[in-house]
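Next comes model_14.cif, with mmCIF, C-alpha atoms, pLDDT in the B column; chains and numbers go by the auth columns.
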data_run
#
loop_
_atom_site.group_PDB
_atom_site.id
_atom_site.type_symbol
_atom_site.label_atom_id
_atom_site.label_comp_id
_atom_site.label_asym_id
_atom_site.label_seq_id
_atom_site.Cartn_x
_atom_site.Cartn_y
_atom_site.Cartn_z
_atom_site.B_iso_or_equiv
_atom_site.auth_seq_id
_atom_site.auth_asym_id
ATOM 1 C CA MET A 1 -34.603 35.904 -49.707 66.00 1 J
ATOM 2 C CA VAL A 2 -34.072 32.199 -49.082 63.00 2 J
ATOM 3 C CA SER A 3 -33.468 30.093 -52.178 64.00 3 J
ATOM 4 C CA PHE A 4 -35.460 26.985 -53.009 60.00 4 J
ATOM 5 C CA GLU A 5 -32.542 24.694 -52.148 61.00 5 J
ATOM 6 C CA GLU A 6 -31.949 26.376 -48.799 67.00 6 J
ATOM 7 C CA ARG A 7 -35.641 26.064 -47.995 66.00 7 J
ATOM 8 C CA ILE A 8 -35.584 22.327 -48.792 65.00 8 J
ATOM 9 C CA TYR A 9 -32.521 21.947 -46.545 66.00 9 J
ATOM 10 C CA GLU A 10 -34.282 23.811 -43.708 73.00 10 J
ATOM 11 C CA LEU A 11 -37.378 21.647 -44.090 70.00 11 J
ATOM 12 C CA GLY A 12 -35.218 18.501 -43.896 70.00 12 J
ATOM 13 C CA THR A 13 -33.502 19.597 -40.691 73.00 13 J
ATOM 14 C CA ALA A 14 -36.821 20.718 -39.197 76.00 14 J
ATOM 15 C CA ALA A 15 -38.430 17.354 -39.997 74.00 15 J
ATOM 16 C CA LEU A 16 -35.625 15.499 -38.199 70.00 16 J
ATOM 17 C CA ALA A 17 -35.855 17.838 -35.214 79.00 17 J
ATOM 18 C CA ASP A 18 -39.632 17.289 -35.089 79.00 18 J
ATOM 19 C CA GLN A 19 -39.182 13.521 -35.147 78.00 19 J
ATOM 20 C CA GLU A 20 -36.632 13.740 -32.331 81.00 20 J
ATOM 21 C CA HIS A 21 -39.097 15.817 -30.283 83.00 21 J
ATOM 22 C CA GLN A 22 -41.858 13.264 -30.909 84.00 22 J
ATOM 23 C CA VAL A 23 -39.642 10.405 -29.697 82.00 23 J
ATOM 24 C CA GLY A 24 -38.928 12.379 -26.521 84.00 24 J
ATOM 25 C CA GLU A 25 -42.653 12.931 -26.004 88.00 25 J
ATOM 26 C CA LEU A 26 -43.392 9.208 -26.429 85.00 26 J
ATOM 27 C CA ARG A 27 -40.764 8.295 -23.860 86.00 27 J
ATOM 28 C CA LEU A 28 -42.000 10.935 -21.420 91.00 28 J
ATOM 29 C CA ARG A 29 -45.526 9.544 -21.667 92.00 29 J
ATOM 30 C CA GLY A 30 -44.162 6.059 -20.997 92.00 30 J
ATOM 31 C CA SER A 31 -42.628 7.241 -17.740 91.00 31 J
ATOM 32 C CA THR A 32 -45.960 8.753 -16.750 93.00 32 J
ATOM 33 C CA LEU A 33 -47.771 5.481 -17.521 94.00 33 J
ATOM 34 C CA LEU A 34 -45.280 3.573 -15.393 93.00 34 J
ATOM 35 C CA ALA A 35 -45.860 5.951 -12.479 95.00 35 J
ATOM 36 C CA ALA A 36 -49.630 5.568 -12.867 96.00 36 J
ATOM 37 C CA GLY A 37 -49.304 1.776 -12.916 95.00 37 J
ATOM 38 C CA VAL A 38 -47.257 1.801 -9.731 94.00 38 J
ATOM 39 C CA LEU A 39 -49.749 4.133 -8.053 95.00 39 J
ATOM 40 C CA ILE A 40 -52.741 1.967 -8.987 94.00 40 J
ATOM 41 C CA ALA A 41 -51.042 -1.220 -7.805 94.00 41 J
ATOM 42 C CA SER A 42 -49.930 0.325 -4.520 93.00 42 J
ATOM 43 C CA LEU A 43 -53.351 1.790 -3.728 94.00 43 J
ATOM 44 C CA LEU A 44 -55.281 -1.381 -4.513 92.00 44 J
ATOM 45 C CA ALA A 45 -52.882 -4.007 -3.142 91.00 45 J
ATOM 46 C CA LYS A 46 -53.974 -3.750 0.496 90.00 46 J
ATOM 47 C CA PRO A 47 -57.732 -3.992 -0.197 91.00 47 J
ATOM 48 C CA ILE A 48 -57.133 -7.041 -2.419 92.00 48 J
ATOM 49 C CA PHE A 49 -54.624 -9.027 -0.339 91.00 49 J
ATOM 50 C CA HIS A 50 -56.074 -9.163 3.177 87.00 50 J
ATOM 51 C CA ASP A 51 -57.834 -11.729 5.374 87.00 51 J
ATOM 52 C CA GLY A 52 -57.298 -14.645 2.994 86.00 52 J
ATOM 53 C CA HIS A 53 -58.278 -12.694 -0.093 86.00 53 J
ATOM 54 C CA PRO A 54 -58.368 -13.073 -3.012 91.00 54 J
ATOM 55 C CA SER A 55 -60.687 -16.043 -2.717 89.00 55 J
ATOM 56 C CA GLY A 56 -63.183 -17.469 -5.150 90.00 56 J
ATOM 57 C CA TRP A 57 -62.708 -17.787 -8.863 94.00 57 J
ATOM 58 C CA LEU A 58 -64.081 -14.324 -9.722 95.00 58 J
ATOM 59 C CA GLU A 59 -61.813 -12.530 -7.255 94.00 59 J
ATOM 60 C CA ILE A 60 -58.784 -14.566 -8.315 95.00 60 J
ATOM 61 C CA SER A 61 -59.584 -13.985 -11.990 95.00 61 J
ATOM 62 C CA ALA A 62 -59.920 -10.218 -11.509 96.00 62 J
ATOM 63 C CA THR A 63 -56.673 -10.126 -9.504 95.00 63 J
ATOM 64 C CA THR A 64 -54.886 -12.146 -12.185 96.00 64 J
ATOM 65 C CA LEU A 65 -56.209 -9.829 -14.883 96.00 65 J
ATOM 66 C CA GLY A 66 -54.950 -6.801 -12.939 96.00 66 J
ATOM 67 C CA LEU A 67 -51.533 -8.371 -12.356 96.00 67 J
ATOM 68 C CA VAL A 68 -51.197 -9.274 -16.045 97.00 68 J
ATOM 69 C CA GLY A 69 -51.976 -5.636 -16.851 97.00 69 J
ATOM 70 C CA CYS A 70 -49.386 -4.530 -14.312 96.00 70 J
ATOM 71 C CA GLY A 71 -46.787 -6.769 -15.934 97.00 71 J
ATOM 72 C CA GLY A 72 -47.757 -5.441 -19.357 97.00 72 J
ATOM 73 C CA VAL A 73 -47.275 -1.847 -18.248 97.00 73 J
ATOM 74 C CA LEU A 74 -43.838 -2.652 -16.889 96.00 74 J
ATOM 75 C CA LEU A 75 -42.750 -4.680 -19.926 97.00 75 J
ATOM 76 C CA PHE A 76 -43.879 -2.241 -22.593 96.00 76 J
ATOM 77 C CA VAL A 77 -42.657 0.866 -20.777 96.00 77 J
ATOM 78 C CA VAL A 78 -39.236 -0.786 -20.410 95.00 78 J
ATOM 79 C CA LEU A 79 -39.291 -1.546 -24.165 94.00 79 J
ATOM 80 C CA LEU A 80 -40.270 2.066 -24.819 91.00 80 J
ATOM 81 C CA LEU A 81 -37.525 3.512 -22.604 89.00 81 J
ATOM 82 C CA ARG A 82 -34.663 1.230 -23.615 87.00 82 J
ATOM 83 C CA PRO A 83 -32.058 2.710 -25.933 80.00 83 J
ATOM 84 C CA THR A 84 -33.135 2.595 -29.557 76.00 84 J
ATOM 85 C CA GLU A 85 -30.878 3.168 -32.549 74.00 85 J
ATOM 86 C CA LEU A 86 -32.189 6.387 -34.042 67.00 86 J
ATOM 87 C CA GLY A 87 -30.341 9.104 -35.932 66.00 87 J
ATOM 88 C CA PHE A 88 -31.296 12.748 -35.975 59.00 88 J
ATOM 89 C CA SER A 89 -28.333 14.160 -37.876 60.00 89 J
ATOM 90 C CA VAL A 90 -25.868 13.216 -40.576 62.00 90 J
ATOM 91 C CA LYS A 91 -22.153 12.684 -40.048 62.00 91 J
ATOM 92 C CA ALA A 92 -20.393 15.778 -41.348 62.00 92 J
ATOM 93 C CA THR A 93 -17.121 14.091 -42.348 67.00 93 J
ATOM 94 C CA ALA A 94 -18.784 11.200 -44.174 67.00 94 J
ATOM 95 C CA THR A 95 -21.190 13.572 -45.898 68.00 95 J
ATOM 96 C CA TYR A 96 -18.351 15.864 -46.998 67.00 96 J
ATOM 97 C CA LYS A 97 -16.358 12.932 -48.386 71.00 97 J
ATOM 98 C CA SER A 98 -19.393 11.597 -50.222 72.00 98 J
ATOM 99 C CA LEU A 99 -20.120 15.003 -51.753 68.00 99 J
ATOM 100 C CA TRP A 100 -16.480 15.420 -52.766 70.00 100 J
ATOM 101 C CA GLU A 101 -16.349 11.949 -54.350 77.00 101 J
ATOM 102 C CA GLN A 102 -19.499 12.710 -56.323 76.00 102 J
ATOM 103 C CA ASP A 103 -17.972 16.058 -57.370 74.00 103 J
ATOM 104 C CA ILE A 104 -20.829 17.949 -55.738 68.00 104 J
ATOM 105 C CA THR A 105 -19.226 21.093 -54.377 68.00 105 J
ATOM 106 C CA GLU A 106 -21.447 23.857 -55.729 71.00 106 J
ATOM 107 C CA GLN A 107 -24.787 25.216 -54.667 71.00 107 J
ATOM 108 C CA PRO A 108 -27.609 24.343 -55.162 72.00 108 J
ATOM 109 C CA MET A 109 -26.638 20.671 -55.373 73.00 109 J
ATOM 110 C CA VAL A 110 -25.017 20.634 -51.919 69.00 110 J
ATOM 111 C CA ASP A 111 -28.258 21.703 -50.215 70.00 111 J
ATOM 112 C CA ILE A 112 -30.324 19.294 -52.299 73.00 112 J
ATOM 113 C CA VAL A 113 -28.087 16.323 -51.458 72.00 113 J
ATOM 114 C CA LEU A 114 -28.082 17.262 -47.770 74.00 114 J
ATOM 115 C CA ALA A 115 -31.877 17.551 -47.788 74.00 115 J
ATOM 116 C CA GLU A 116 -32.097 14.091 -49.354 77.00 116 J
ATOM 117 C CA ALA A 117 -29.754 12.749 -46.660 76.00 117 J
ATOM 118 C CA PHE A 118 -31.979 14.201 -43.931 75.00 118 J
ATOM 119 C CA GLU A 119 -35.052 12.681 -45.557 78.00 119 J
ATOM 120 C CA ALA A 120 -33.347 9.295 -45.809 78.00 120 J
ATOM 121 C CA ARG A 121 -32.382 9.492 -42.124 77.00 121 J
ATOM 122 C CA ARG A 122 -35.984 10.295 -41.184 77.00 122 J
ATOM 123 C CA ASP A 123 -37.213 7.363 -43.283 80.00 123 J
ATOM 124 C CA GLU A 124 -34.718 5.059 -41.530 79.00 124 J
ATOM 125 C CA ASN A 125 -36.137 6.185 -38.171 78.00 125 J
ATOM 126 C CA THR A 126 -39.775 5.615 -39.141 83.00 126 J
ATOM 127 C CA ALA A 127 -39.957 1.885 -38.346 86.00 127 J
ATOM 128 C CA ALA A 128 -38.382 2.373 -34.904 86.00 128 J
ATOM 129 C CA PHE A 129 -40.592 5.395 -34.230 86.00 129 J
ATOM 130 C CA ASN A 130 -43.731 3.434 -35.140 90.00 130 J
ATOM 131 C CA ARG A 131 -42.596 0.567 -32.897 92.00 131 J
ATOM 132 C CA LEU A 132 -42.195 2.995 -29.977 91.00 132 J
ATOM 133 C CA GLY A 133 -45.722 4.284 -30.608 93.00 133 J
ATOM 134 C CA LEU A 134 -47.021 0.710 -30.560 96.00 134 J
ATOM 135 C CA TYR A 135 -45.263 0.036 -27.240 95.00 135 J
ATOM 136 C CA LEU A 136 -46.891 3.142 -25.773 95.00 136 J
ATOM 137 C CA ALA A 137 -50.345 2.082 -26.995 96.00 137 J
ATOM 138 C CA ILE A 138 -49.954 -1.423 -25.557 97.00 138 J
ATOM 139 C CA ALA A 139 -48.675 0.015 -22.255 97.00 139 J
ATOM 140 C CA LEU A 140 -51.772 2.237 -22.091 96.00 140 J
ATOM 141 C CA GLY A 141 -54.034 -0.731 -22.770 97.00 141 J
ATOM 142 C CA SER A 142 -52.192 -2.697 -20.084 97.00 142 J
ATOM 143 C CA LEU A 143 -52.721 0.168 -17.643 97.00 143 J
ATOM 144 C CA MET A 144 -56.455 0.041 -18.310 97.00 144 J
ATOM 145 C CA LEU A 145 -56.412 -3.740 -17.830 97.00 145 J
ATOM 146 C CA GLU A 146 -54.507 -3.335 -14.562 96.00 146 J
ATOM 147 C CA ALA A 147 -56.836 -0.655 -13.216 96.00 147 J
ATOM 148 C CA THR A 148 -59.974 -2.566 -14.178 97.00 148 J
ATOM 149 C CA GLY A 149 -58.829 -5.935 -12.869 96.00 149 J
ATOM 150 C CA LEU A 150 -57.441 -4.640 -9.590 96.00 150 J
ATOM 151 C CA ALA A 151 -60.432 -2.365 -8.967 96.00 151 J
ATOM 152 C CA ILE A 152 -62.862 -5.255 -9.496 96.00 152 J
ATOM 153 C CA ALA A 153 -60.751 -7.492 -7.258 95.00 153 J
ATOM 154 C CA ALA A 154 -60.655 -4.815 -4.534 94.00 154 J
ATOM 155 C CA ALA A 155 -64.418 -4.334 -4.748 94.00 155 J
ATOM 156 C CA LEU A 156 -65.072 -8.069 -4.527 93.00 156 J
ATOM 157 C CA SER A 157 -62.725 -8.586 -1.591 91.00 157 J
ATOM 158 C CA SER A 158 -64.343 -5.887 0.561 83.00 158 J
#

Write out the structure in this file as structure tokens.
Amino acid sequence: MVSFEERIYELGTAALADQEHQVGELRLRGSTLLAAGVLIASLLAKPIFHDGHPSGWLEISATTLGLVGCGGVLLFVVLLLRPTELGFSVKATATYKSLWEQDITEQPMVDIVLAEAFEARRDENTAAFNRLGLYLAIALGSLMLEATGLAIAAALSS
């Protein structure tokens, strides 16, 4: 049977692993949004930019709106995909030295201290993780702006 301390330790490592998986999922979705943005722009570019189009304030406004959305997708997906300082483990040597200096060498205290270290690491990651989620949400909104603006511009120019 697993002791209470071991269970707390397992929960701490599982929580970090879950957070790491969630970050990977966010970044994967960002790549998908970027691909969708490129597809929308490439499909609607020819209908918009032909025979002197866009012309007229409505067409130009819709095109501008779509291009701003396109730029937003690119910017926020790049922010989402760039390297971010996150930690999903603890350094074994530093942890061992810290435990030794605190004279913590017996169970259950070792597991409890390690579980607290995992929780602290997860808490340190939370701000960066939330920022990545915000970037994804803004990129999605930008994709909608791009699709709407370019679709209206394409419809008006035909």

Pull out every residue that the PyMOL selection byres ((chain J and resi 141) around 12) matches in the shown coordinates and put them as a list in words.
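Here the PyMOL selection byres ((chain J and resi 141) around 12) matches Leu33, Gly37, Gly66, Val68, Gly69, Cys70, Gly71, Gly72, Val73, Leu74, Phe76, Val77, Leu134, Tyr135, Leu136, Ala137, Ile138, Ala139, Leu140, Ser142, Leu143, Met144, Leu145, Glu146, Ala147 and Thr148 of chain J.
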
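Between Leu80 in chain J and the residues J:Gly30, J:Gly24, J:Ala151, J:Ala15, the shortest atom-to-atom distance, using all atoms listed in the file, involves J:Gly30.
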
Residues matched by the PyMOL selection byres ((chain J and resi 61) around 12), written as number ranges by chain:
J: 54-60, 62-68, 148-150, 152-154, 156

For His53 in chain J: contacts at 7 Å, only C-alpha atoms, fewer than 4 positions along chain excluded, given as an MDAnalysis selection string
chainID J and resid 48:49 157

Glu85 in chain J environment, 10 Å, only C-alpha atoms, sequence neighbours closer than 2 positions dropped, as a ChimeraX atom specification:
/J:82-83,87,124-125,128

For CA of Leu34 in chain J and CA of Asp123 in chain J, quote the distance in Å rounded to one decimal.
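So the two atoms, CA of Leu34 in chain J and CA of Asp123 in chain J, lie 29.3 Å apart.
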
Could you work out how far CA of Arg131 in chain J lies from CA of Glu20 in chain J, giving the answer in Å with one decimal?
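Going from CA of Glu20 in chain J over to CA of Arg131 in chain J, I get 14.5 Å.
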
Separation of CA of Gln22 in chain J from CA of Arg121 in chain J in Å:
15.2 Å

Any chance you could model N, CA, C and O atoms for range 34-56 of chain J and send them as an mmCIF file, in the coordinates of the input?
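For reference, selection.cif as written:
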data_model
loop_
_atom_site.group_PDB
_atom_site.id
_atom_site.type_symbol
_atom_site.label_atom_id
_atom_site.label_comp_id
_atom_site.auth_asym_id
_atom_site.auth_seq_id
_atom_site.Cartn_x
_atom_site.Cartn_y
_atom_site.Cartn_z
ATOM 1 N N LEU J 34 -45.900 4.435 -16.399
ATOM 2 C CA LEU J 34 -45.280 3.573 -15.393
ATOM 3 C C LEU J 34 -45.604 4.070 -13.986
ATOM 4 O O LEU J 34 -45.954 3.280 -13.107
ATOM 5 N N ALA J 35 -45.524 5.374 -13.788
ATOM 6 C CA ALA J 35 -45.860 5.951 -12.479
ATOM 7 C C ALA J 35 -47.326 5.700 -12.129
ATOM 8 O O ALA J 35 -47.651 5.359 -10.990
ATOM 9 N N ALA J 36 -48.206 5.830 -13.112
ATOM 10 C CA ALA J 36 -49.630 5.568 -12.867
ATOM 11 C C ALA J 36 -49.858 4.104 -12.516
ATOM 12 O O ALA J 36 -50.651 3.792 -11.613
ATOM 13 N N GLY J 37 -49.169 3.206 -13.214
ATOM 14 C CA GLY J 37 -49.304 1.776 -12.916
ATOM 15 C C GLY J 37 -48.856 1.439 -11.507
ATOM 16 O O GLY J 37 -49.496 0.642 -10.810
ATOM 17 N N VAL J 38 -47.757 2.031 -11.093
ATOM 18 C CA VAL J 38 -47.257 1.801 -9.731
ATOM 19 C C VAL J 38 -48.247 2.350 -8.707
ATOM 20 O O VAL J 38 -48.524 1.705 -7.689
ATOM 21 N N LEU J 39 -48.791 3.521 -8.974
ATOM 22 C CA LEU J 39 -49.749 4.133 -8.053
ATOM 23 C C LEU J 39 -51.004 3.274 -7.910
ATOM 24 O O LEU J 39 -51.475 3.003 -6.797
ATOM 25 N N ILE J 40 -51.536 2.807 -9.024
ATOM 26 C CA ILE J 40 -52.741 1.967 -8.987
ATOM 27 C C ILE J 40 -52.478 0.686 -8.198
ATOM 28 O O ILE J 40 -53.269 0.305 -7.330
ATOM 29 N N ALA J 41 -51.364 0.030 -8.498
ATOM 30 C CA ALA J 41 -51.042 -1.220 -7.805
ATOM 31 C C ALA J 41 -50.850 -0.994 -6.315
ATOM 32 O O ALA J 41 -51.324 -1.789 -5.492
ATOM 33 N N SER J 42 -50.187 0.094 -5.944
ATOM 34 C CA SER J 42 -49.930 0.325 -4.520
ATOM 35 C C SER J 42 -51.207 0.699 -3.763
ATOM 36 O O SER J 42 -51.378 0.313 -2.611
ATOM 37 N N LEU J 43 -52.100 1.417 -4.393
ATOM 38 C CA LEU J 43 -53.351 1.790 -3.728
ATOM 39 C C LEU J 43 -54.320 0.622 -3.576
ATOM 40 O O LEU J 43 -55.070 0.552 -2.605
ATOM 41 N N LEU J 44 -54.312 -0.296 -4.535
ATOM 42 C CA LEU J 44 -55.281 -1.381 -4.513
ATOM 43 C C LEU J 44 -54.741 -2.687 -3.936
ATOM 44 O O LEU J 44 -55.503 -3.633 -3.736
ATOM 45 N N ALA J 45 -53.460 -2.758 -3.653
ATOM 46 C CA ALA J 45 -52.882 -4.007 -3.142
ATOM 47 C C ALA J 45 -53.444 -4.378 -1.777
ATOM 48 O O ALA J 45 -53.823 -5.534 -1.543
ATOM 49 N N LYS J 46 -53.504 -3.439 -0.858
ATOM 50 C CA LYS J 46 -53.974 -3.750 0.496
ATOM 51 C C LYS J 46 -55.434 -4.205 0.512
ATOM 52 O O LYS J 46 -55.759 -5.191 1.174
ATOM 53 N N PRO J 47 -56.345 -3.509 -0.190
ATOM 54 C CA PRO J 47 -57.732 -3.992 -0.197
ATOM 55 C C PRO J 47 -57.895 -5.377 -0.835
ATOM 56 O O PRO J 47 -58.826 -6.106 -0.491
ATOM 57 N N ILE J 48 -57.008 -5.746 -1.741
ATOM 58 C CA ILE J 48 -57.133 -7.041 -2.419
ATOM 59 C C ILE J 48 -56.547 -8.166 -1.576
ATOM 60 O O ILE J 48 -57.169 -9.219 -1.408
ATOM 61 N N PHE J 49 -55.356 -7.968 -1.039
ATOM 62 C CA PHE J 49 -54.624 -9.027 -0.339
ATOM 63 C C PHE J 49 -54.739 -8.858 1.175
ATOM 64 O O PHE J 49 -53.810 -8.411 1.836
ATOM 65 N N HIS J 50 -55.877 -9.201 1.724
ATOM 66 C CA HIS J 50 -56.074 -9.163 3.177
ATOM 67 C C HIS J 50 -57.043 -10.268 3.582
ATOM 68 O O HIS J 50 -57.884 -10.706 2.802
ATOM 69 N N ASP J 51 -56.912 -10.741 4.792
ATOM 70 C CA ASP J 51 -57.834 -11.729 5.374
ATOM 71 C C ASP J 51 -58.128 -12.905 4.434
ATOM 72 O O ASP J 51 -59.280 -13.284 4.238
ATOM 73 N N GLY J 52 -57.117 -13.483 3.846
ATOM 74 C CA GLY J 52 -57.298 -14.645 2.994
ATOM 75 C C GLY J 52 -57.792 -14.342 1.591
ATOM 76 O O GLY J 52 -58.166 -15.248 0.850
ATOM 77 N N HIS J 53 -57.848 -13.074 1.254
ATOM 78 C CA HIS J 53 -58.278 -12.694 -0.093
ATOM 79 C C HIS J 53 -57.055 -12.615 -1.001
ATOM 80 O O HIS J 53 -55.952 -12.386 -0.534
ATOM 81 N N PRO J 54 -57.158 -12.798 -2.253
ATOM 82 C CA PRO J 54 -58.368 -13.073 -3.012
ATOM 83 C C PRO J 54 -58.821 -14.521 -2.849
ATOM 84 O O PRO J 54 -58.000 -15.419 -2.763
ATOM 85 N N SER J 55 -60.119 -14.698 -2.807
ATOM 86 C CA SER J 55 -60.687 -16.043 -2.717
ATOM 87 C C SER J 55 -61.861 -16.122 -3.675
ATOM 88 O O SER J 55 -62.505 -15.126 -3.974
ATOM 89 N N GLY J 56 -62.119 -17.289 -4.157
ATOM 90 C CA GLY J 56 -63.183 -17.469 -5.150
ATOM 91 C C GLY J 56 -62.644 -17.191 -6.551
ATOM 92 O O GLY J 56 -61.731 -16.408 -6.737
#
